[in-house]
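**Student:** Structure incoming, see below.
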Amino acid sequence: MSEQPETYTAAAEVGAVRKRRTRLERAGLLLKSAPPSAWFGMIVVTLYILVAIFADVLAPYGEAEIHPAAFAPWSDEFFFGTDQIGRDVLTRLIYGARNTMGIALATTFLSFLIGGGLGLAAAINRSWLDQALSRFVDVLMAIPSLIFALMLLSIFGSTITSLILIIAVLDSTRVFRLTRAVAVNVAVMDYVEAAKLRGEGLSWIMRREILPNIMPPLVAEFGLRFCFVFLTIAALSFLGVGIQPPTADWGSMVRANASLIQFAKYDMTAAITPLLPAAAIALLTVAVNFIVDWFLQKTSGLRDDK
Amino acid sequence: MANNALTASCSVRNFKKIDGTRPSVKQGNARLNAVLATILKRLGLGLATLFVVSGIIFSSISMLPGDFSEAVLGQAATQETVAAFRKELGLDKSAPVRYFEWVGSVLQGDLGTSFSGRNASGQDRSRQVSDLVMPRLWNTLFLAGVTALIAVPLALFLGLTAALYRNTAYDRIVNALTLTTISTPEFFVAYILILFLASLWPVFPSLANIDATTDLGERLYRVALPALTLTLVIVAHMMRMTRAAIINLLASPYIEMARLKGASQSEIILKHALPNAWSPIATVIAFNLAYLVVGVVVVEVVFVYPGIGQLMVDAVTSRDIPVVQACALIFAATYILLNLTADIIGIVTNPRLLHPR
């Protein structure tokens, strides 16, 4: 009597143990429902991360290795040619992925640590701390961040540490605003009140009671902030006050090879060379935006029109 | 009895009428006063912000690490020249005194003297910051003005037509294009324009070098590419916001009413939706003009345009703090003023804000 009964009974269906999906299966189902734009975004971001991690293996030459031929054309030896002092462009592009993305990621994490932490504290406190922090953020946000960053960089000098710190602090103002706005709604819930009465400290309430409930908007904001920080750093490097040579970076690579565009009529590949790092920046921001769009639709059903 | 009742009701009606008109005048005044009060509050807040921002920009000079007078004058500077330089900067006075002196001189148009052009021997060939800034400020304003003249009508037109032909191929193409220009860095857009419009088909010059003697036609020709780049960057934002504002309104009941009445699609958008969409659109335009202030820095550097943004970047590279301060102050003041304008336009054109609860 090992064969299954062919007939359907309601009792059997109700009586069967509901199969619980594992995390992996749920992730698989979620991915299956992703629209093509999100797929495109995820594939691009994964590729970028792989390139950044395995830069040493992928790059044909050393990061600051100088070859005798400056502005060499595209060839088998130098796939995308060489730059103004004879460094291989493909190598610099690969290392640039690691440097630019790494610095942007560190800055975004730091700005979330500062802005998120202070935003949560302000949402719980709601008195002098909230007032002081909010007014301070208002003033900081009244100055355009690129201008403020330029001014601070002229004072502290363009080192990578000061670049990360300055942009993280300036960017944390926006994270503070968002965190405070979403956390204020959660901070008045009964279970937060209960935790306070139980005698939990500020840090516990921040981490264990409020943070898990405001994660979705923060994660989406993380993606958008990353794009913004990434573009700001690229713009600063492009202006020559961001990441300094010999560290490979996409923004400064555009600037250094920009004069090649004039030769578009004679050699199209030369004119494309300075556009490659700029295109790399644009592709990454577009990809992250696609993923964030999908994530927002998934978590809140938020759509910008209809 | 009946007569009596009639007169009574008449008198009641009259009474009501008189009583009814008077509060409405009062209410009107109260509303106007409330709006004025809100606007004045905003203005006061804006001035306070400007004050604090100027304080931050001013205090940046005292945050300089080490003794920068040696860095400026060189290692070989004598004690006397260093002392004279410190005295000139007013470092021998207390910070609040220096701040008010600085604000006073800035209000009179004196922005101090540049750090560059000084050397150890005490010779002073430095220039007044205002002489450096003023001509460039006009150039930047010219570029921003040309951009605004092209971008604002274009964005309104695209936004309106995209809302009008919603979900058609036209709408999708405009949307996709603007989304791409939003998420690309300004210099990428600029170099692509140079590649196609200056290098492959040389229609416009890739360098926008103008000076005081350049006449208007030549100026317009030279700033074509920078203005086009900035236009592409800000049109995207403005167009999307215009479209969203209109589409948002199209869902409201009075639009439904107009549609049931048999009004055509263009009539609905131009006559019914647009008047109510003006306030969000005006706000977006002002915000984007404020954004233009920042975008102008990168674009000026790409096209070597002699504007204030390029001056600031050069000054940051050479760490010429007085020039950086002056530029930052001008940028911040413009930004704050434009945002303030956006706020005030939002208050004046939003009928709901006229009825405070």
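Starting from 1 in every chain, residues are counted up; chains themselves are A, B, ... following the order of the structure tokens, and ligands are numbered from 1 as listed.
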I need the contact residues of chain A against chain B, so if you could list those with any atom within 9 Å, counting only C-alpha atoms, and return them as an MDAnalysis selection string, that would help.
**Tutor:** chainID A and resid 138:140 142:148 150:158 227 231:232 234:236 238:241 254:255 258 261:265 271:272 274:275 278:279 281:283 285:286 289 304:306
**Student:** Would you save the residues of that selection, restricted to N, CA and C atoms, as a compact mmCIF listing (two decimals), in the first residue's frame?
**Tutor:**
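Result file follows (selection24.txt):
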```
# COMPACT_ATOMS: atom_id res chain seq x y z
N ASP A 138 20.10 71.82 9.55
CA ASP A 138 19.50 72.82 8.67
C ASP A 138 20.56 73.75 8.12
N VAL A 139 21.46 74.21 9.01
CA VAL A 139 22.49 75.15 8.58
C VAL A 139 23.44 74.48 7.60
N LEU A 140 23.86 73.24 7.94
CA LEU A 140 24.80 72.55 7.05
C LEU A 140 24.19 72.33 5.68
N ALA A 142 22.15 74.20 4.20
CA ALA A 142 21.93 75.44 3.47
C ALA A 142 23.09 75.77 2.54
N ILE A 143 24.24 75.11 2.75
CA ILE A 143 25.38 75.35 1.87
C ILE A 143 25.43 74.19 0.88
N PRO A 144 25.54 74.46 -0.43
CA PRO A 144 25.63 73.36 -1.39
C PRO A 144 26.82 72.47 -1.04
N SER A 145 26.60 71.14 -1.03
CA SER A 145 27.62 70.26 -0.45
C SER A 145 28.92 70.26 -1.24
N LEU A 146 28.84 70.40 -2.57
CA LEU A 146 30.08 70.41 -3.35
C LEU A 146 30.93 71.62 -2.98
N ILE A 147 30.27 72.78 -2.81
CA ILE A 147 30.98 74.00 -2.44
C ILE A 147 31.60 73.86 -1.05
N PHE A 148 30.81 73.32 -0.11
CA PHE A 148 31.30 73.12 1.25
C PHE A 148 32.49 72.17 1.24
N LEU A 150 34.54 71.59 -1.20
CA LEU A 150 35.70 72.27 -1.79
C LEU A 150 36.37 73.15 -0.75
N MET A 151 35.56 73.90 0.03
CA MET A 151 36.12 74.80 1.02
C MET A 151 36.88 74.02 2.09
N LEU A 152 36.26 72.94 2.59
CA LEU A 152 36.91 72.17 3.65
C LEU A 152 38.18 71.49 3.13
N LEU A 153 38.13 71.02 1.86
CA LEU A 153 39.31 70.37 1.30
C LEU A 153 40.47 71.36 1.17
N SER A 154 40.15 72.63 0.87
CA SER A 154 41.22 73.61 0.74
C SER A 154 41.87 73.85 2.10
N ILE A 155 41.12 73.62 3.19
CA ILE A 155 41.68 73.83 4.52
C ILE A 155 42.46 72.60 4.98
N PHE A 156 41.84 71.42 4.86
CA PHE A 156 42.47 70.23 5.42
C PHE A 156 43.35 69.49 4.42
N GLY A 157 43.37 69.93 3.15
CA GLY A 157 44.21 69.27 2.17
C GLY A 157 43.53 68.03 1.62
N SER A 158 43.94 67.63 0.40
CA SER A 158 43.24 66.53 -0.27
C SER A 158 43.89 65.19 0.03
N CYS A 227 25.29 56.23 -4.61
CA CYS A 227 25.40 56.86 -5.93
C CYS A 227 25.84 58.31 -5.80
N LEU A 231 29.28 59.92 -7.12
CA LEU A 231 29.34 61.00 -8.11
C LEU A 231 30.09 62.21 -7.54
N THR A 232 29.89 62.50 -6.23
CA THR A 232 30.60 63.64 -5.64
C THR A 232 32.10 63.41 -5.65
N ALA A 234 33.77 61.41 -7.59
CA ALA A 234 34.23 61.45 -8.98
C ALA A 234 34.37 62.89 -9.45
N ALA A 235 33.39 63.75 -9.09
CA ALA A 235 33.46 65.16 -9.50
C ALA A 235 34.65 65.84 -8.85
N LEU A 236 34.88 65.59 -7.55
CA LEU A 236 36.01 66.22 -6.86
C LEU A 236 37.34 65.75 -7.46
N PHE A 238 37.74 64.67 -10.44
CA PHE A 238 37.81 65.27 -11.76
C PHE A 238 38.34 66.70 -11.66
N LEU A 239 37.92 67.43 -10.62
CA LEU A 239 38.38 68.81 -10.44
C LEU A 239 39.82 68.87 -9.95
N GLY A 240 40.38 67.68 -9.60
CA GLY A 240 41.78 67.66 -9.19
C GLY A 240 41.99 67.85 -7.71
N VAL A 241 40.91 67.84 -6.91
CA VAL A 241 41.07 68.01 -5.47
C VAL A 241 40.58 66.79 -4.69
N VAL A 254 39.47 60.73 -16.33
CA VAL A 254 38.74 61.47 -17.37
C VAL A 254 39.47 62.77 -17.66
N ARG A 255 39.81 63.49 -16.59
CA ARG A 255 40.46 64.78 -16.73
C ARG A 255 41.80 64.66 -17.46
N ALA A 258 41.42 63.92 -21.21
CA ALA A 258 40.34 64.63 -21.91
C ALA A 258 40.79 65.21 -23.24
N ILE A 261 40.02 63.80 -26.87
CA ILE A 261 38.74 63.89 -27.59
C ILE A 261 38.90 64.68 -28.89
N GLN A 262 39.83 65.64 -28.90
CA GLN A 262 40.02 66.47 -30.10
C GLN A 262 40.40 65.65 -31.33
N PHE A 263 40.96 64.45 -31.10
CA PHE A 263 41.45 63.68 -32.23
C PHE A 263 40.42 62.70 -32.76
N ALA A 264 39.15 62.93 -32.41
CA ALA A 264 38.10 61.97 -32.78
C ALA A 264 38.06 61.73 -34.28
N LYS A 265 38.37 62.77 -35.08
CA LYS A 265 38.27 62.63 -36.54
C LYS A 265 39.30 61.67 -37.09
N ALA A 271 39.57 58.94 -28.97
CA ALA A 271 38.57 59.84 -28.40
C ALA A 271 37.71 59.14 -27.38
N ILE A 272 37.55 57.80 -27.55
CA ILE A 272 36.70 57.08 -26.60
C ILE A 272 37.43 56.83 -25.28
N PRO A 274 39.11 58.62 -22.97
CA PRO A 274 38.73 59.35 -21.75
C PRO A 274 37.27 59.14 -21.36
N LEU A 275 36.45 58.69 -22.31
CA LEU A 275 35.03 58.49 -21.98
C LEU A 275 34.80 57.17 -21.24
N ALA A 278 34.40 57.58 -17.48
CA ALA A 278 33.15 58.31 -17.24
C ALA A 278 31.96 57.39 -17.46
N ALA A 279 32.05 56.55 -18.51
CA ALA A 279 30.97 55.61 -18.78
C ALA A 279 30.87 54.58 -17.66
N ILE A 281 31.50 55.09 -14.53
CA ILE A 281 30.80 55.76 -13.42
C ILE A 281 29.30 55.77 -13.70
N ALA A 282 28.93 56.21 -14.92
CA ALA A 282 27.52 56.34 -15.26
C ALA A 282 26.82 54.99 -15.18
N LEU A 283 27.47 53.92 -15.71
CA LEU A 283 26.85 52.59 -15.74
C LEU A 283 26.56 52.11 -14.32
N THR A 285 26.10 53.95 -11.56
CA THR A 285 25.01 54.69 -10.92
C THR A 285 23.66 54.28 -11.49
N VAL A 286 23.59 54.09 -12.79
CA VAL A 286 22.32 53.65 -13.39
C VAL A 286 21.93 52.29 -12.83
N ASN A 289 20.68 52.54 -9.29
CA ASN A 289 19.35 53.15 -9.31
C ASN A 289 18.26 52.15 -9.67
N ASP A 304 6.32 56.23 -8.54
CA ASP A 304 6.33 57.70 -8.61
C ASP A 304 5.13 58.25 -9.37
N ASP A 305 4.48 57.46 -10.20
CA ASP A 305 3.22 57.95 -10.74
C ASP A 305 2.20 56.82 -10.85
N LYS A 306 1.11 57.11 -11.52
CA LYS A 306 -0.07 56.24 -11.64
C LYS A 306 -1.04 56.53 -10.51
```
**Student:** For the helix (DSSP H, G or I) assignment from backbone DSSP, which residues of stretch 295-356 of chain B qualify? Please present them as a ChimeraX atom specification.
**Tutor:** /B:295-302,308-317,321-349,351-354
**Student:** Quick one: distance from atom CA of B:Tyr305 to atom CA of B:Asn209 in Å, one decimal?
**Tutor:**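 Between these atoms lies a distance of 5.5 Å.
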**Student:** To one decimal place in Å, what is the distance between atom CA of B:Gly145 and atom CA of B:Ile281?
**Tutor:**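 That distance, rounded to one decimal, is 18.5 Å.
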**Student:** Using only C-alpha atoms, which protein or nucleic acid residues come within 12 Å of stretch 101-106 of chain B? Drop anything in the same chain fewer than 3 positions from it, and give the result as a PyMOL selection string.
**Tutor:** chain B and resi 50-55+57-59+61+89-90+93-98+109-113+129-130+322+325-327+329-330
**Student:** Could you list, as a PyMOL selection string, every residue within 8 Å of stretch 223-236 of chain B, counting only C-alpha atoms and ignoring same-chain residues fewer than 3 positions away?
**Tutor:** chain B and resi 143-144+146-148+150-152+154-155+178-179+181-182+186+189-190+193-194+204-206+208+219-220+239-240+288+291-292+295-296+299-300+303
**Student:** Which residues, written as a list in words, have at least one atom at most 12 Å from A:Gly62, with only C-alpha atoms counted and residues fewer than 3 positions away on the same chain left out?
**Tutor:**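 These residues fall inside the cut-off: Ala55, Asp56, Val57, Leu58, Ala59, Glu65, Ile66, His67, Arg87, Asp88, Val89, Leu90, Thr91, Arg92, Leu93, Ile94, Tyr95, Pro246, Thr247 and Ala248 of chain A.
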**Student:** Let's have the selection written as an mmCIF file, in the first residue's frame, with C-alpha atoms.
**Tutor:**
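Ended up saving to result-v1.cif:
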```cif
data_model
loop_
_atom_site.group_PDB
_atom_site.id
_atom_site.type_symbol
_atom_site.label_atom_id
_atom_site.label_comp_id
_atom_site.auth_asym_id
_atom_site.auth_seq_id
_atom_site.Cartn_x
_atom_site.Cartn_y
_atom_site.Cartn_z
ATOM 1 C CA ALA A 55 41.837 43.634 -9.461
ATOM 2 C CA ASP A 56 45.320 42.205 -8.804
ATOM 3 C CA VAL A 57 44.563 39.075 -10.829
ATOM 4 C CA LEU A 58 42.698 40.770 -13.693
ATOM 5 C CA ALA A 59 44.978 43.742 -14.297
ATOM 6 C CA GLU A 65 53.596 51.000 -13.716
ATOM 7 C CA ILE A 66 54.886 53.435 -16.346
ATOM 8 C CA HIS A 67 55.615 52.291 -19.888
ATOM 9 C CA ARG A 87 50.329 53.915 -17.747
ATOM 10 C CA ASP A 88 48.081 51.172 -19.128
ATOM 11 C CA VAL A 89 44.487 52.496 -19.239
ATOM 12 C CA LEU A 90 42.837 49.068 -18.799
ATOM 13 C CA THR A 91 44.909 48.436 -15.658
ATOM 14 C CA ARG A 92 44.003 51.838 -14.231
ATOM 15 C CA LEU A 93 40.337 51.217 -15.014
ATOM 16 C CA ILE A 94 40.418 47.919 -13.104
ATOM 17 C CA TYR A 95 42.230 49.377 -10.100
ATOM 18 C CA PRO A 246 49.309 57.825 -8.437
ATOM 19 C CA THR A 247 46.180 56.167 -6.974
ATOM 20 C CA ALA A 248 44.078 55.117 -9.957
#
```
**Student:** Neighbouring residues of B:Thr242 were defined as those with any atom within 9 Å, considering only C-alpha atoms; residues of the same chain fewer than 6 positions away were excluded. Please report them as a list in words.
**Tutor:**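 Listed by chain and then number, they are Ala155, Leu156, Leu158, Gly159, Leu160, Ala163, Ala277, Pro280, Ile281 and Val284 of chain B.
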**Student:** Okay, now the selection with all heavy atoms, as a JSON list (two decimals), in the first residue's frame?
**Tutor:**
```
[["chain", "number", "residue", "atom", "x", "y", "z"],
["B", 155, "ALA", "N", 11.85, 72.47, -20.39],
["B", 155, "ALA", "CA", 11.40, 71.50, -19.39],
["B", 155, "ALA", "C", 9.89, 71.53, -19.25],
["B", 155, "ALA", "O", 9.23, 70.49, -19.17],
["B", 155, "ALA", "CB", 12.06, 71.78, -18.05],
["B", 156, "LEU", "N", 9.32, 72.76, -19.24],
["B", 156, "LEU", "CA", 7.86, 72.87, -19.11],
["B", 156, "LEU", "C", 7.18, 72.22, -20.30],
["B", 156, "LEU", "O", 6.21, 71.46, -20.15],
["B", 156, "LEU", "CB", 7.46, 74.34, -19.02],
["B", 156, "LEU", "CG", 7.77, 75.02, -17.69],
["B", 156, "LEU", "CD1", 7.27, 76.45, -17.71],
["B", 156, "LEU", "CD2", 7.13, 74.26, -16.55],
["B", 158, "LEU", "N", 8.36, 69.87, -22.36],
["B", 158, "LEU", "CA", 8.51, 68.41, -22.34],
["B", 158, "LEU", "C", 7.63, 67.79, -21.28],
["B", 158, "LEU", "O", 6.98, 66.76, -21.50],
["B", 158, "LEU", "CB", 9.98, 68.04, -22.10],
["B", 158, "LEU", "CG", 10.93, 68.24, -23.26],
["B", 158, "LEU", "CD1", 12.34, 67.89, -22.87],
["B", 158, "LEU", "CD2", 10.49, 67.36, -24.44],
["B", 159, "GLY", "N", 7.60, 68.41, -20.09],
["B", 159, "GLY", "CA", 6.80, 67.86, -19.00],
["B", 159, "GLY", "C", 5.33, 67.85, -19.35],
["B", 159, "GLY", "O", 4.63, 66.85, -19.14],
["B", 160, "LEU", "N", 4.85, 68.97, -19.91],
["B", 160, "LEU", "CA", 3.43, 69.05, -20.28],
["B", 160, "LEU", "C", 3.07, 68.04, -21.34],
["B", 160, "LEU", "O", 2.07, 67.32, -21.23],
["B", 160, "LEU", "CB", 3.10, 70.46, -20.78],
["B", 160, "LEU", "CG", 2.90, 71.51, -19.71],
["B", 160, "LEU", "CD1", 2.65, 72.86, -20.34],
["B", 160, "LEU", "CD2", 1.73, 71.13, -18.83],
["B", 163, "ALA", "N", 3.00, 64.56, -20.04],
["B", 163, "ALA", "CA", 1.80, 64.28, -19.26],
["B", 163, "ALA", "C", 0.60, 64.12, -20.19],
["B", 163, "ALA", "O", -0.28, 63.29, -19.96],
["B", 163, "ALA", "CB", 1.54, 65.41, -18.26],
["B", 277, "ALA", "N", -1.00, 73.48, -10.78],
["B", 277, "ALA", "CA", 0.31, 72.85, -10.73],
["B", 277, "ALA", "C", 1.42, 73.90, -10.64],
["B", 277, "ALA", "O", 2.57, 73.56, -10.46],
["B", 277, "ALA", "CB", 0.53, 71.97, -11.94],
["B", 280, "PRO", "N", 3.95, 73.77, -7.31],
["B", 280, "PRO", "CA", 5.06, 72.80, -7.30],
["B", 280, "PRO", "C", 6.05, 73.04, -8.43],
["B", 280, "PRO", "O", 7.26, 72.90, -8.22],
["B", 280, "PRO", "CB", 4.37, 71.45, -7.45],
["B", 280, "PRO", "CG", 3.00, 71.74, -7.90],
["B", 280, "PRO", "CD", 2.66, 73.08, -7.37],
["B", 281, "ILE", "N", 5.56, 73.45, -9.61],
["B", 281, "ILE", "CA", 6.48, 73.66, -10.73],
["B", 281, "ILE", "C", 7.43, 74.82, -10.44],
["B", 281, "ILE", "O", 8.64, 74.72, -10.65],
["B", 281, "ILE", "CB", 5.69, 73.90, -12.03],
["B", 281, "ILE", "CG1", 4.96, 72.62, -12.43],
["B", 281, "ILE", "CG2", 6.62, 74.32, -13.15],
["B", 281, "ILE", "CD1", 4.05, 72.79, -13.62],
["B", 284, "VAL", "N", 10.05, 73.76, -8.06],
["B", 284, "VAL", "CA", 11.05, 72.91, -8.69],
["B", 284, "VAL", "C", 12.00, 73.74, -9.53],
["B", 284, "VAL", "O", 13.22, 73.52, -9.52],
["B", 284, "VAL", "CB", 10.34, 71.84, -9.55],
["B", 284, "VAL", "CG1", 11.33, 71.18, -10.47],
["B", 284, "VAL", "CG2", 9.69, 70.83, -8.67]]
```
**Student:** Name all residues at most 10 Å from B:Arg42 (count only C-alpha atoms; drop same-chain ones fewer than 3 positions away) and give them as a list of chain:residue names.
**Tutor:**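 The filter keeps B:Leu36, B:Ala37, B:Thr38, B:Ile39, B:Leu45, B:Gly46, B:Leu47, B:Ala48, B:Leu340, B:Thr341, B:Asp343, B:Ile344, B:Ile347.
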**Student:** How about saving the chosen residues, N, CA and C atoms kept, as a short mmCIF file (atom, residue, chain, number, x, y, z; two decimals), in the first residue's frame?
**Tutor:**
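Result went into result.cif, see below:
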```cif
data_model
loop_
_atom_site.label_atom_id
_atom_site.label_comp_id
_atom_site.auth_asym_id
_atom_site.auth_seq_id
_atom_site.Cartn_x
_atom_site.Cartn_y
_atom_site.Cartn_z
N LEU B 36 1.63 86.98 5.25
CA LEU B 36 2.74 87.91 5.44
C LEU B 36 3.64 87.44 6.57
N ALA B 37 2.98 87.01 7.66
CA ALA B 37 3.77 86.56 8.82
C ALA B 37 4.63 85.37 8.44
N THR B 38 4.03 84.40 7.68
CA THR B 38 4.80 83.22 7.26
C THR B 38 5.98 83.64 6.40
N ILE B 39 5.70 84.58 5.45
CA ILE B 39 6.77 85.01 4.55
C ILE B 39 7.87 85.71 5.35
N LEU B 45 14.27 83.61 8.86
CA LEU B 45 15.00 82.34 8.95
C LEU B 45 16.13 82.31 7.92
N GLY B 46 15.83 82.80 6.70
CA GLY B 46 16.84 82.83 5.66
C GLY B 46 18.01 83.72 6.04
N LEU B 47 17.70 84.90 6.58
CA LEU B 47 18.76 85.82 7.01
C LEU B 47 19.59 85.18 8.12
N ALA B 48 18.90 84.53 9.07
CA ALA B 48 19.62 83.89 10.18
C ALA B 48 20.56 82.82 9.63
N LEU B 340 15.10 80.25 -0.75
CA LEU B 340 14.15 81.12 -0.07
C LEU B 340 13.05 81.55 -1.04
N THR B 341 13.45 81.93 -2.26
CA THR B 341 12.48 82.30 -3.29
C THR B 341 11.53 81.15 -3.55
N ASP B 343 10.67 78.78 -1.53
CA ASP B 343 9.76 78.66 -0.39
C ASP B 343 8.64 79.69 -0.48
N ILE B 344 9.04 80.94 -0.77
CA ILE B 344 8.04 82.02 -0.78
C ILE B 344 7.05 81.83 -1.93
N ILE B 347 4.62 79.37 -0.83
CA ILE B 347 3.61 79.88 0.11
C ILE B 347 2.56 80.69 -0.63
#
```
**Student:** What's the separation between atom CA of B:Ile268 and atom CA of B:Val174, in Å to one decimal place?
**Tutor:**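 Rounded to one decimal, the two atoms are 21.7 Å apart.
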